[in-house]
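my_file.txt follows (compact mmCIF, C-alpha atoms):
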```txt
# COMPACT_ATOMS: atom_id res chain seq x y z
CA MET A 18 99.99 105.56 135.43
CA ASN A 19 100.39 106.52 131.79
CA VAL A 20 100.89 110.23 132.31
CA ALA A 21 102.51 111.57 135.46
CA GLU A 22 101.04 114.63 137.08
CA LYS A 23 103.02 117.80 136.77
CA TYR A 24 104.47 119.15 139.96
CA THR A 25 106.38 122.19 141.01
CA ASP A 26 109.29 121.35 143.27
CA ALA A 27 107.27 122.43 146.30
CA GLU A 28 104.26 120.34 145.28
CA LEU A 29 106.44 117.31 144.73
CA ILE A 30 108.05 117.68 148.15
CA ALA A 31 104.65 118.08 149.75
CA SER A 32 103.30 115.03 147.93
CA ILE A 33 106.20 112.88 149.07
CA GLY A 34 106.13 114.28 152.58
CA ASN A 35 102.49 113.45 153.20
CA GLN A 36 102.68 110.23 151.13
CA LYS A 37 99.74 111.37 149.05
CA ASP A 38 99.81 109.62 145.67
CA LEU A 39 103.41 108.59 146.20
CA ASN A 40 103.34 106.39 143.07
CA LYS A 41 102.56 109.43 140.93
CA ALA A 42 105.36 111.38 142.55
CA ILE A 43 107.84 108.54 141.95
CA LEU A 44 106.72 108.28 138.34
CA TYR A 45 107.21 112.01 137.94
CA LEU A 46 110.74 111.69 139.32
CA TYR A 47 111.45 109.00 136.73
CA GLN A 48 109.94 110.98 133.88
CA GLN A 49 111.70 114.20 134.73
CA TYR A 50 115.07 113.22 136.11
CA SER A 51 116.08 109.66 135.24
CA ALA A 52 117.58 110.63 131.87
CA THR A 53 119.76 113.35 133.39
CA THR A 54 121.19 111.15 136.10
CA SER A 55 121.54 108.17 133.75
CA SER A 56 123.62 110.15 131.27
CA PHE A 57 125.76 111.31 134.15
CA ILE A 58 126.34 107.75 135.43
CA ILE A 59 127.09 106.46 131.94
CA HIS A 60 129.49 109.39 131.44
CA TYR A 61 131.38 108.22 134.51
CA GLY A 62 131.81 104.68 133.29
CA GLY A 63 128.54 103.07 134.39
CA SER A 64 126.43 100.82 132.25
CA GLU A 65 122.75 101.42 131.51
CA GLN A 66 121.95 98.87 134.19
CA ASP A 67 124.17 100.74 136.65
CA ALA A 68 122.34 103.94 135.74
CA GLU A 69 118.96 102.29 136.38
CA ASP A 70 120.07 100.88 139.71
CA VAL A 71 121.66 104.14 140.82
CA PHE A 72 118.56 106.14 139.95
CA GLN A 73 116.38 103.72 141.87
CA GLU A 74 118.63 104.15 144.91
CA THR A 75 118.58 107.90 144.31
CA VAL A 76 114.79 108.05 144.35
CA LEU A 77 114.74 105.88 147.44
CA ALA A 78 117.25 108.09 149.26
CA PHE A 79 115.52 111.27 148.13
CA ILE A 80 112.11 110.15 149.39
CA GLU A 81 113.59 109.16 152.75
CA ILE A 82 115.36 112.50 153.06
CA VAL A 83 112.14 114.35 152.24
CA LYS A 84 110.08 112.22 154.63
CA LYS A 85 112.50 112.95 157.43
CA GLY A 86 112.15 116.65 156.67
CA LYS A 87 115.84 116.99 155.80
CA TYR A 88 115.35 118.41 152.32
CA ARG A 89 115.67 122.19 152.66
CA MET A 90 114.95 123.16 149.05
CA GLU A 91 118.20 125.12 148.92
CA ALA A 92 118.81 123.58 145.53
CA SER A 93 116.39 122.44 142.86
CA ILE A 94 115.21 118.85 143.00
CA LYS A 95 117.15 118.16 139.81
CA THR A 96 120.41 119.45 141.28
CA PHE A 97 119.78 117.61 144.50
CA LEU A 98 119.00 114.31 142.74
CA VAL A 99 122.13 114.57 140.63
CA SER A 100 124.15 115.16 143.80
CA VAL A 101 122.56 112.14 145.46
CA ALA A 102 123.19 110.04 142.34
CA LYS A 103 126.83 111.16 142.29
CA ASN A 104 127.26 110.09 145.88
CA ILE A 105 125.64 106.73 145.27
CA TRP A 106 127.76 106.11 142.19
CA LEU A 107 130.93 107.13 144.02
CA ASN A 108 130.07 104.59 146.71
CA GLU A 109 129.53 101.98 144.02
CA ILE A 110 132.88 102.76 142.46
CA LYS A 111 134.60 102.51 145.82
CA LYS A 112 132.81 99.29 146.61
CA LYS A 113 133.72 97.70 143.33
CA GLU A 114 137.28 99.03 143.66
CA ARG A 115 137.26 100.42 140.21
CA SER A 116 140.14 102.40 138.76
CA GLY A 117 141.68 105.01 141.03
CA PHE A 118 142.02 107.34 138.09
CA ARG A 119 138.32 107.33 137.37
CA GLU A 120 137.56 107.83 141.03
CA LYS A 121 139.93 110.78 141.23
CA GLN A 122 138.41 112.26 138.09
CA PHE A 123 134.99 111.76 139.60
CA GLU A 124 136.04 113.43 142.85
CA LYS A 125 137.30 116.45 140.90
CA GLY A 126 133.83 116.90 139.39
CA ARG A 127 132.09 116.99 142.76
CA ASP A 128 130.98 120.28 144.17
CA GLN A 129 130.07 121.46 147.64
CA GLN A 130 126.45 120.41 147.20
CA ASP A 131 127.56 116.80 146.67
CA THR A 132 129.40 116.80 149.97
CA ASP A 133 126.37 118.23 151.69
CA VAL A 134 124.03 115.45 150.64
CA SER A 135 126.26 112.52 151.58
CA HIS A 136 125.57 112.81 155.29
CA LEU A 137 121.84 113.07 154.62
CA MET A 138 121.77 109.77 152.86
CA GLY A 139 123.10 107.59 155.67
CA ASP A 140 124.97 104.37 155.13
CA LEU A 141 123.55 102.99 151.89
CA GLU A 142 125.39 99.72 152.20
CA GLU A 143 123.94 99.16 155.63
CA LYS A 144 120.47 99.91 154.30
CA ARG A 145 121.03 97.42 151.53
CA GLN A 146 122.06 94.76 154.00
CA LEU A 147 119.05 95.50 156.16
CA ARG A 148 116.75 95.16 153.15
CA GLU A 149 118.25 91.78 152.48
CA ILE A 150 117.55 90.76 156.07
CA VAL A 151 113.94 91.93 155.73
CA ASN A 152 113.61 89.92 152.53
CA LYS A 153 114.85 86.83 154.36
CA LEU A 154 111.99 87.20 156.80
CA GLY A 155 109.13 84.88 155.83
CA GLU A 156 106.51 86.47 153.60
CA PRO A 157 103.73 86.49 156.25
CA CYS A 158 105.93 88.44 158.69
CA ARG A 159 107.29 90.68 155.96
CA LYS A 160 103.81 91.55 154.78
CA LEU A 161 102.45 92.08 158.27
CA LEU A 162 105.25 94.42 159.29
CA MET A 163 104.99 96.39 156.05
CA LEU A 164 101.24 96.81 156.42
CA PHE A 165 101.72 98.18 159.89
CA TYR A 166 104.91 100.21 159.65
CA TYR A 167 104.73 101.36 156.01
CA GLU A 168 101.08 101.32 155.04
CA ASN A 169 100.20 102.56 158.53
CA LEU A 170 97.17 100.28 158.73
CA SER A 171 95.46 99.67 162.06
CA MET A 172 95.19 96.16 163.51
CA LYS A 173 91.60 96.07 162.38
CA GLU A 174 92.45 97.12 158.82
CA MET A 175 95.24 94.56 158.68
CA LEU A 176 92.71 91.79 159.26
CA ASP A 177 91.44 92.37 155.71
CA HIS A 178 94.88 91.56 154.32
CA LEU A 179 95.99 88.75 156.62
CA PRO A 180 94.64 85.25 157.39
CA TYR A 181 94.23 85.90 161.13
CA GLU A 182 91.09 85.63 163.23
CA ASN A 183 91.20 88.82 165.25
CA GLU A 184 93.20 91.89 166.14
CA GLN A 185 94.83 90.28 169.15
CA VAL A 186 96.24 87.50 167.01
CA VAL A 187 97.59 90.11 164.62
CA ARG A 188 99.08 92.09 167.50
CA ASN A 189 100.78 88.99 168.97
CA LYS A 190 102.02 88.01 165.52
CA LYS A 191 103.44 91.50 165.04
CA TYR A 192 105.42 91.27 168.29
CA LYS A 193 106.87 87.95 167.21
CA CYS A 194 107.69 89.13 163.68
CA LEU A 195 109.42 92.28 164.85
CA GLN A 196 111.41 90.35 167.45
CA GLN A 197 112.36 87.80 164.83
CA LEU A 198 113.61 90.57 162.58
CA THR A 199 115.46 92.23 165.45
CA GLY A 200 117.11 88.90 166.22
CA MET A 201 118.23 88.54 162.61
CA ILE A 202 119.71 92.04 162.66
CA LYS A 203 121.59 91.26 165.87
CA GLU A 204 123.18 88.36 164.03
CA ASN A 205 124.71 90.77 161.51
CA PRO A 206 128.05 91.59 163.16
CA ALA A 207 128.65 94.91 161.39
CA ILE A 208 125.22 96.33 162.15
CA ALA A 209 125.19 94.95 165.70
CA ARG A 210 128.59 96.52 166.35
CA GLN A 211 127.41 99.86 165.00
CA ILE A 212 124.34 99.88 167.24
CA SER A 213 126.44 98.91 170.25
CA GLN A 214 128.73 101.86 169.57
CA ILE A 215 125.78 104.25 169.34
CA VAL A 216 124.50 103.12 172.72
CA LYS A 217 127.95 103.53 174.35
CA MET B 5 115.94 91.31 177.67
CA ALA B 6 112.68 90.08 179.14
CA GLN B 7 109.83 89.41 176.74
CA ASN B 8 107.48 91.88 178.36
CA GLN B 9 110.15 94.60 178.34
CA THR B 10 110.76 94.05 174.62
CA GLU B 11 107.01 94.30 174.00
CA LEU B 12 106.97 97.45 176.09
CA LEU B 13 109.63 98.97 173.87
CA ILE B 14 107.77 97.90 170.74
CA ASP B 15 104.56 99.48 172.02
CA HIS B 16 106.51 102.61 172.85
CA LEU B 17 107.88 102.75 169.35
CA ASP B 18 104.44 102.24 167.82
CA ARG B 19 103.02 105.05 169.91
CA SER B 20 106.04 107.23 169.14
CA LEU B 21 105.29 106.89 165.47
CA LEU B 22 101.90 108.42 166.26
CA GLY B 23 103.50 111.07 168.47
CA LEU B 24 102.25 109.39 171.65
CA GLY B 25 105.46 108.13 173.26
CA SER B 26 105.59 107.21 176.94
CA ALA B 27 107.78 109.33 179.20
CA ALA B 28 108.36 106.39 181.53
CA THR B 29 109.69 104.24 178.71
CA GLU B 30 111.86 107.12 177.56
CA GLN B 31 113.39 107.21 181.00
CA LEU B 32 113.98 103.48 180.93
CA ILE B 33 115.82 103.77 177.60
CA GLY B 34 117.88 106.65 178.97
CA LYS B 35 118.95 104.81 182.11
CA ASP B 36 119.17 101.16 181.11
CA PRO B 37 121.89 100.44 178.50
CA GLU B 38 120.39 97.04 177.73
CA ALA B 39 117.00 98.62 177.08
CA ALA B 40 118.68 101.35 175.03
CA GLN B 41 120.44 98.79 172.89
CA GLU B 42 117.26 96.81 172.38
CA TRP B 43 115.45 100.03 171.57
CA HIS B 44 118.00 100.80 168.83
CA PHE B 45 117.69 97.31 167.38
CA ILE B 46 113.90 97.62 167.27
CA ARG B 47 114.12 101.04 165.64
CA THR B 48 116.64 99.72 163.15
CA ALA B 49 114.30 96.83 162.36
CA VAL B 50 111.36 99.17 161.77
CA ASP B 51 113.52 101.49 159.63
CA ALA B 52 114.58 98.43 157.64
CA VAL B 53 110.95 97.39 157.09
CA GLN B 54 110.04 100.90 155.92
CA ASN B 55 113.08 101.08 153.66
CA ALA B 56 112.35 97.67 152.16
CA ALA B 57 108.70 98.60 151.57
CA LEU B 58 109.67 101.89 149.92
CA TYR B 59 112.21 100.03 147.82
CA ASP B 60 109.44 97.66 146.67
CA GLN B 61 107.20 100.60 145.80
CA VAL B 62 109.90 102.40 143.82
CA SER B 63 110.72 99.11 142.06
CA SER B 64 107.10 98.67 141.12
CA VAL B 65 106.84 102.18 139.64
CA LYS B 66 110.20 101.76 137.94
CA LYS B 67 108.96 98.59 136.21
CA GLN B 68 105.89 100.42 134.98
CA TRP B 69 108.05 103.35 133.87
CA LEU B 70 110.36 101.07 131.94
CA ALA B 71 107.41 99.29 130.33
CA GLN B 72 105.92 102.67 129.47
CA THR B 73 109.10 104.03 127.94
CA SER B 74 109.65 100.90 125.87
CA THR B 75 106.14 101.14 124.41
CA ALA B 76 106.40 104.91 124.07
CA ARG B 77 109.33 104.44 121.71
CA PRO B 78 107.78 102.16 119.11
CA ASN B 79 109.63 103.87 116.30
CA GLY B 80 112.95 103.12 117.88
CA ALA B 81 111.97 99.51 118.37
CA ILE B 82 110.71 99.17 114.82
CA VAL B 83 113.75 100.86 113.40
CA ARG B 84 115.90 98.37 115.27
CA THR B 85 113.79 95.50 113.93
CA ILE B 86 113.80 96.83 110.38
CA TYR B 87 117.47 97.59 110.65
CA ARG B 88 118.15 94.06 111.81
CA ASN B 89 115.97 92.63 109.06
CA VAL B 90 117.61 94.80 106.45
CA MET B 91 120.98 93.72 107.71
CA ARG B 92 119.87 90.09 107.58
CA VAL B 93 118.58 90.48 104.04
CA ALA B 94 121.73 92.36 103.08
CA ALA B 95 123.83 89.58 104.59
CA CYS B 96 121.81 86.97 102.66
CA VAL B 97 122.11 88.96 99.44
CA PHE B 98 125.79 89.40 100.09
CA LEU B 99 126.24 85.69 100.72
CA VAL B 100 124.20 84.71 97.68
CA ALA B 101 125.92 87.28 95.47
CA GLY B 102 129.27 86.34 96.92
CA GLY B 103 128.53 82.68 96.38
CA ALA B 104 127.37 83.36 92.83
CA ALA B 105 130.46 85.44 92.14
CA LEU B 106 132.68 82.76 93.60
CA TYR B 107 130.86 80.14 91.58
CA LYS B 108 131.21 82.23 88.45
CA TYR B 109 134.86 82.85 89.20
CA THR B 110 135.69 79.21 89.77
CA THR B 111 133.60 77.88 86.89
CA ALA B 112 134.45 80.49 84.25
CA THR B 113 136.95 78.98 81.83
CA SER B 114 138.08 80.05 78.43
CA SER B 115 137.21 76.70 76.88
CA GLY B 116 133.82 76.86 78.57
CA LEU B 117 133.11 80.21 76.93
CA TYR B 118 134.34 78.91 73.64
CA GLU B 119 131.93 75.97 73.83
CA LYS B 120 129.15 78.32 74.82
CA TYR B 121 129.60 80.89 72.06
CA TYR B 122 131.13 78.91 69.23
CA SER B 123 128.82 77.95 66.44
CA SER B 124 129.75 76.41 63.14
CA TYR B 125 129.99 78.72 60.24
CA SER B 126 127.34 78.09 57.62
CA LEU B 127 128.87 78.64 54.26
CA ASN B 128 125.61 78.94 52.33
CA ALA B 129 124.15 81.35 54.71
CA SER B 130 126.72 84.06 54.28
CA ARG B 131 128.19 83.67 50.86
CA GLY B 132 125.51 82.03 48.74
CA THR B 133 126.71 83.51 45.54
CA GLU B 134 130.03 81.72 45.67
CA ARG B 135 130.47 78.80 43.36
CA GLN B 136 130.80 75.69 45.38
CA ASP B 137 134.01 73.92 44.73
CA ALA B 138 135.52 70.81 46.29
CA ILE B 139 136.52 72.56 49.48
CA ASP B 140 133.04 74.02 49.79
CA GLN B 141 131.50 70.62 49.42
CA ALA B 142 133.82 69.07 51.99
CA TYR B 143 133.04 71.95 54.31
CA ASN B 144 129.30 71.61 53.89
CA ASN B 145 129.66 67.90 54.48
CA LYS B 146 131.63 68.68 57.67
CA GLU B 147 134.54 66.68 56.39
CA TRP B 148 137.05 68.73 58.36
CA LYS B 149 140.11 66.70 57.62
CA LYS B 150 139.28 66.75 53.93
CA VAL B 151 138.89 70.51 54.09
CA ALA B 152 142.34 70.73 55.68
CA THR B 153 143.84 68.43 53.05
CA LEU B 154 142.22 70.28 50.14
CA PHE B 155 143.35 73.61 51.59
CA THR B 156 146.94 72.40 51.84
CA ALA B 157 146.76 71.17 48.23
CA LEU B 158 145.36 74.44 46.90
CA LYS B 159 147.75 76.34 44.72
CA GLU B 160 145.86 79.59 44.89
CA LYS B 161 144.57 80.34 48.35
CA ASN B 162 142.24 83.23 49.06
CA ASN B 163 140.59 84.60 52.18
CA LYS B 164 137.68 82.25 51.78
CA SER B 165 139.85 79.12 51.58
CA TYR B 166 141.90 80.34 54.52
CA PHE B 167 138.72 80.93 56.44
CA LEU B 168 137.14 77.52 55.73
CA ALA B 169 140.41 75.83 56.56
CA GLY B 170 140.57 77.81 59.78
CA ILE B 171 137.08 76.68 60.79
CA ALA B 172 138.07 73.10 59.94
CA ASP B 173 141.06 73.52 62.25
CA LEU B 174 138.78 74.72 65.03
CA GLU B 175 136.47 71.76 64.49
CA LEU B 176 139.50 69.51 64.65
CA LYS B 177 140.55 71.20 67.92
CA HIS B 178 143.60 72.80 66.39
CA PRO B 179 143.15 76.41 67.49
CA ASP B 180 146.82 77.32 66.89
CA ASP B 181 146.45 76.45 63.24
CA ALA B 182 143.14 78.26 63.01
CA ILE B 183 144.66 81.42 64.58
CA GLY B 184 147.36 81.51 61.91
CA LYS B 185 144.81 81.27 59.11
CA PHE B 186 142.45 83.93 60.48
CA GLN B 187 145.37 86.28 61.12
CA GLN B 188 146.44 85.74 57.53
CA ILE B 189 143.02 86.92 56.28
CA ILE B 190 143.20 90.05 58.43
CA ALA B 191 146.79 90.75 57.29
CA VAL B 192 145.84 90.39 53.65
CA ASN B 193 142.92 92.75 54.08
CA VAL B 194 145.11 95.29 55.85
CA GLN B 195 147.53 95.11 52.96
CA SER B 196 144.91 95.21 50.24
CA GLY B 197 142.49 97.51 52.00
CA GLY B 198 139.77 94.94 51.38
CA ASP B 199 137.35 93.32 53.76
CA TYR B 200 136.81 89.91 52.21
CA PHE B 201 135.93 87.54 55.07
CA GLN B 202 137.23 90.24 57.44
CA ASP B 203 134.31 90.12 59.88
CA GLU B 204 134.26 86.34 59.92
CA ALA B 205 138.00 86.16 60.46
CA GLU B 206 137.88 88.60 63.39
CA TYR B 207 135.10 86.78 65.15
CA TYR B 208 136.49 83.29 64.69
CA LEU B 209 139.97 84.50 65.56
CA ALA B 210 138.56 85.63 68.88
CA MET B 211 136.91 82.21 69.26
CA SER B 212 140.22 80.57 68.45
CA TRP B 213 141.96 82.55 71.19
CA LEU B 214 139.29 81.44 73.64
CA ALA B 215 139.73 77.86 72.50
CA LYS B 216 143.43 78.27 73.17
CA ASN B 217 142.67 79.70 76.63
CA GLU B 218 143.96 83.14 75.75
CA PRO B 219 141.10 85.46 76.68
CA ASN B 220 143.45 88.46 76.83
CA GLU B 221 143.96 88.06 73.12
CA ALA B 222 140.27 87.51 72.43
CA MET B 223 139.04 90.54 74.35
CA PRO B 224 140.33 93.34 72.07
CA LEU B 225 138.75 91.64 69.08
CA LEU B 226 135.46 91.15 70.85
CA GLU B 227 135.49 94.74 72.14
CA LYS B 228 136.09 95.94 68.62
CA ILE B 229 133.16 93.89 67.27
CA LYS B 230 130.97 95.06 70.11
CA ALA B 231 131.74 98.69 69.31
CA ASN B 232 130.92 98.27 65.63
CA LYS B 233 127.18 97.96 65.04
CA ASP B 234 127.70 97.19 61.40
CA HIS B 235 129.90 94.23 62.15
CA LEU B 236 128.41 90.93 61.01
CA TYR B 237 128.91 89.44 64.45
CA HIS B 238 127.93 92.49 66.52
CA ASP B 239 124.67 91.02 67.78
CA LYS B 240 126.34 87.73 68.58
CA VAL B 241 129.05 89.44 70.60
CA MET B 242 126.51 91.66 72.35
CA SER B 243 124.82 88.53 73.65
CA MET B 244 128.06 87.40 75.27
CA SER B 245 128.76 87.83 78.96
CA PHE B 246 131.63 90.27 79.19
CA THR B 247 131.65 89.64 82.94
CA ASP B 248 132.75 86.11 82.19
CA LEU B 249 135.36 87.42 79.81
CA LYS B 250 136.63 89.95 82.37
CA ILE B 251 136.85 87.18 84.95
CA LEU B 252 138.88 85.14 82.52
CA GLU B 253 141.13 88.10 81.86
CA TYR B 254 141.58 88.58 85.58
CA LYS B 255 142.25 84.91 86.19
CA LYS B 256 144.83 84.94 83.44
```
Starting from the file, lay out its structure as C-alpha cells.
Amino acid sequence: MNVAEKYTDAELIASIGNQKDLNKAILYLYQQYSATTSSFIIHYGGSEQDAEDVFQETVLAFIEIVKKGKYRMEASIKTFLVSVAKNIWLNEIKKKERSGFREKQFEKGRDQQDTDVSHLMGDLEEKRQLREIVNKLGEPCRKLLMLFYYENLSMKEMLDHLPYENEQVVRNKKYKCLQQLTGMIKENPAIARQISQIVK
Amino acid sequence: MAQNQTELLIDHLDRSLLGLGSAATEQLIGKDPEAAQEWHFIRTAVDAVQNAALYDQVSSVKKQWLAQTSTARPNGAIVRTIYRNVMRVAACVFLVAGGAALYKYTTATSSGLYEKYYSSYSLNASRGTERQDAIDQAYNNKEWKKVATLFTALKEKNNKSYFLAGIADLELKHPDDAIGKFQQIIAVNVQSGGDYFQDEAEYYLAMSWLAKNEPNEAMPLLEKIKANKDHLYHDKVMSMSFTDLKILEYKK
C-alpha cells in the first residue's frame, strides 16, 4: 500500500471496471488527484475536511460511473474527477444553503463538462440516505449482503466468513436480510415515493 | 407481495447479476405493477449494499492514504513541532525578560542606586601627602557633624575643605548641601583652570544628585566620567548599570 502502481487512464479504467486490485486503483486516485480537487474545494470556500469528504464522494461516484460503463474517456480522468467534485460541492453548497453569491460565482465557473457529469452521478443525497439505511441493518445481515452482492462470493465461499452451518442456511438468511433491508427502504418516504413514480 | 414471489424476484436479480435472468420473471415484472415495484425496491436495496460496501472500501484506502501522507511529511510535522517549541521558548523568554524588565523598572530608584554605588571617600588613600589638620582628623574619625562645624568655622576654605564638608553632608543625608559644595569646587577649577579635587567633586556631585533623586542631573556627569579613561572614577562608573540609570531618567 505504500507506493501506488502507475496507471495510464485506460489502465486505471480497466482496473476499476474489472475490480482487479481496486484498492491500488483507489490509492492511485488519491495520490494523483486528491490535491487538485482539494485545492479547488478550498478555493470555493470549503474546509480541508470538506475537501476530504468531497474527494471521497468523488472517488465513489467515479468508480460507480466506470463500473456501469458510463465513463466514455472523452475527457481525462483528472478533468472528469474535477467536474464530479464540482458537482458534489455544488450540491453541498445548495444543501447547506450557503451564500447565494458564492453559489452564483461557482456556477459561473462551471463548464459544459460539469453539466454532463451531473446526470451520470445520480442522486447523491439519496445514495447517502440509502447508505445510512444499510448501516442501520444489523452487522450480520450487512456483512452477509456485502459478501454476496459486493464481494461476489458464492454461498459456499460465504460459509468461511459467516457462523452458519450450511449453504441453505446462508441462502435463507440472505433472503431475510435483503427483505429486511427492502422493508427499511420502503419506510423512507422520499425513496419510496421516487420508486413508486418510476413504476407508474 | 407473497413471500415466495419476493424470493422469486430476489433469485431473478441474483441470476441477472450473472447475466442469467429469467424471461418469465421479466414478464411478471412487466405486467404486474406490484411485482415491478417490489423489483425496484429489491434492486435499490442491492444498489445500496454495493454503494455502502464501496464507500467502506474507499474509506479504508483513504485512511491508509492519510496515514501515509502524514508520515511522508515528517519534515513538515517536525517543523511544526520545532516551531511550536521555539514559540514556547520565545514566549517564556519574553515573559521572563518582560518580568525582569518590569521588576527592574519598578525597583530601580535613584536612592537605591546611590546606596549601591556610594562609597565613603578615603582621605588617606587619595591625598596622602596632605598634612592632616583638624578637619582631616574629624573626617578620618567619621565625625561628620564635626567636619561640618569645622568647615563652617574655617576662614580660608579650599577645594579640599569644600570636598570633605560635602562628603560629610552626604553622610549626614544632606545632599542639597553637598551639591552646593561640589559645584563650588568645579566652579573654582573652571575659573582657575586647575583640577584640584576636580575628579572627586564630579563623581560625588553625581552621587549627590542620585541621593536627591535627580538622575537627569547625575547622568551627564557620569557620562563624562565614563568617556574619560583618565578620570579617577572611570573604572567605578564603568561598573555601574547605565540601564538602571536610563530607567531612572525615563521614570523621571
query = chain A residues within 7 Å of chain B, counting all atoms listed in the file: which ones, as a list in words?
reply =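 Close to chain B, chain A has Asn40, Ile43, Leu44, Gln73, Leu77, Lys144, Leu147, Arg148, Val151, Leu162, Met163, Tyr166, Tyr167, Tyr192, Leu198, Thr199, Ile212, Ser213 and Val216 of chain A.
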ask   = B:Tyr237, B:Tyr118, B:Phe201, B:Tyr208: which is nearest Ala172 in chain B, counting all atoms listed in the file?
value =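 Between B:Tyr237, B:Tyr118, B:Phe201, B:Tyr208, the residue approaching Ala172 in chain B most closely is B:Tyr208.
Distance-wise, CA of Leu24 in chain B and CA of Met175 in chain A end up 20.9 Å apart.
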inquiry  = Let me make sure I understand: among A:Ile105, A:Leu154, A:Met172, A:Ala78, which one has the smallest atom-to-atom distance to Leu137 in chain A if we use all atoms listed in the file?
reply    =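 Of A:Ile105, A:Leu154, A:Met172, A:Ala78, the one nearest Leu137 in chain A is A:Ala78, counting all atoms listed in the file.
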message = What does the structure give for the distance between CA of Arg188 in chain A and CA of Cys158 in chain A, in Å to one decimal?
response = 11.7 Å
query = Closest to Ala92 in chain A among A:Cys194, A:Ala68, A:Ile59, A:Ala27, using all atoms listed in the file?
reply =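 Using all atoms listed in the file, the shortest distance to Ala92 in chain A belongs to A:Ala27.
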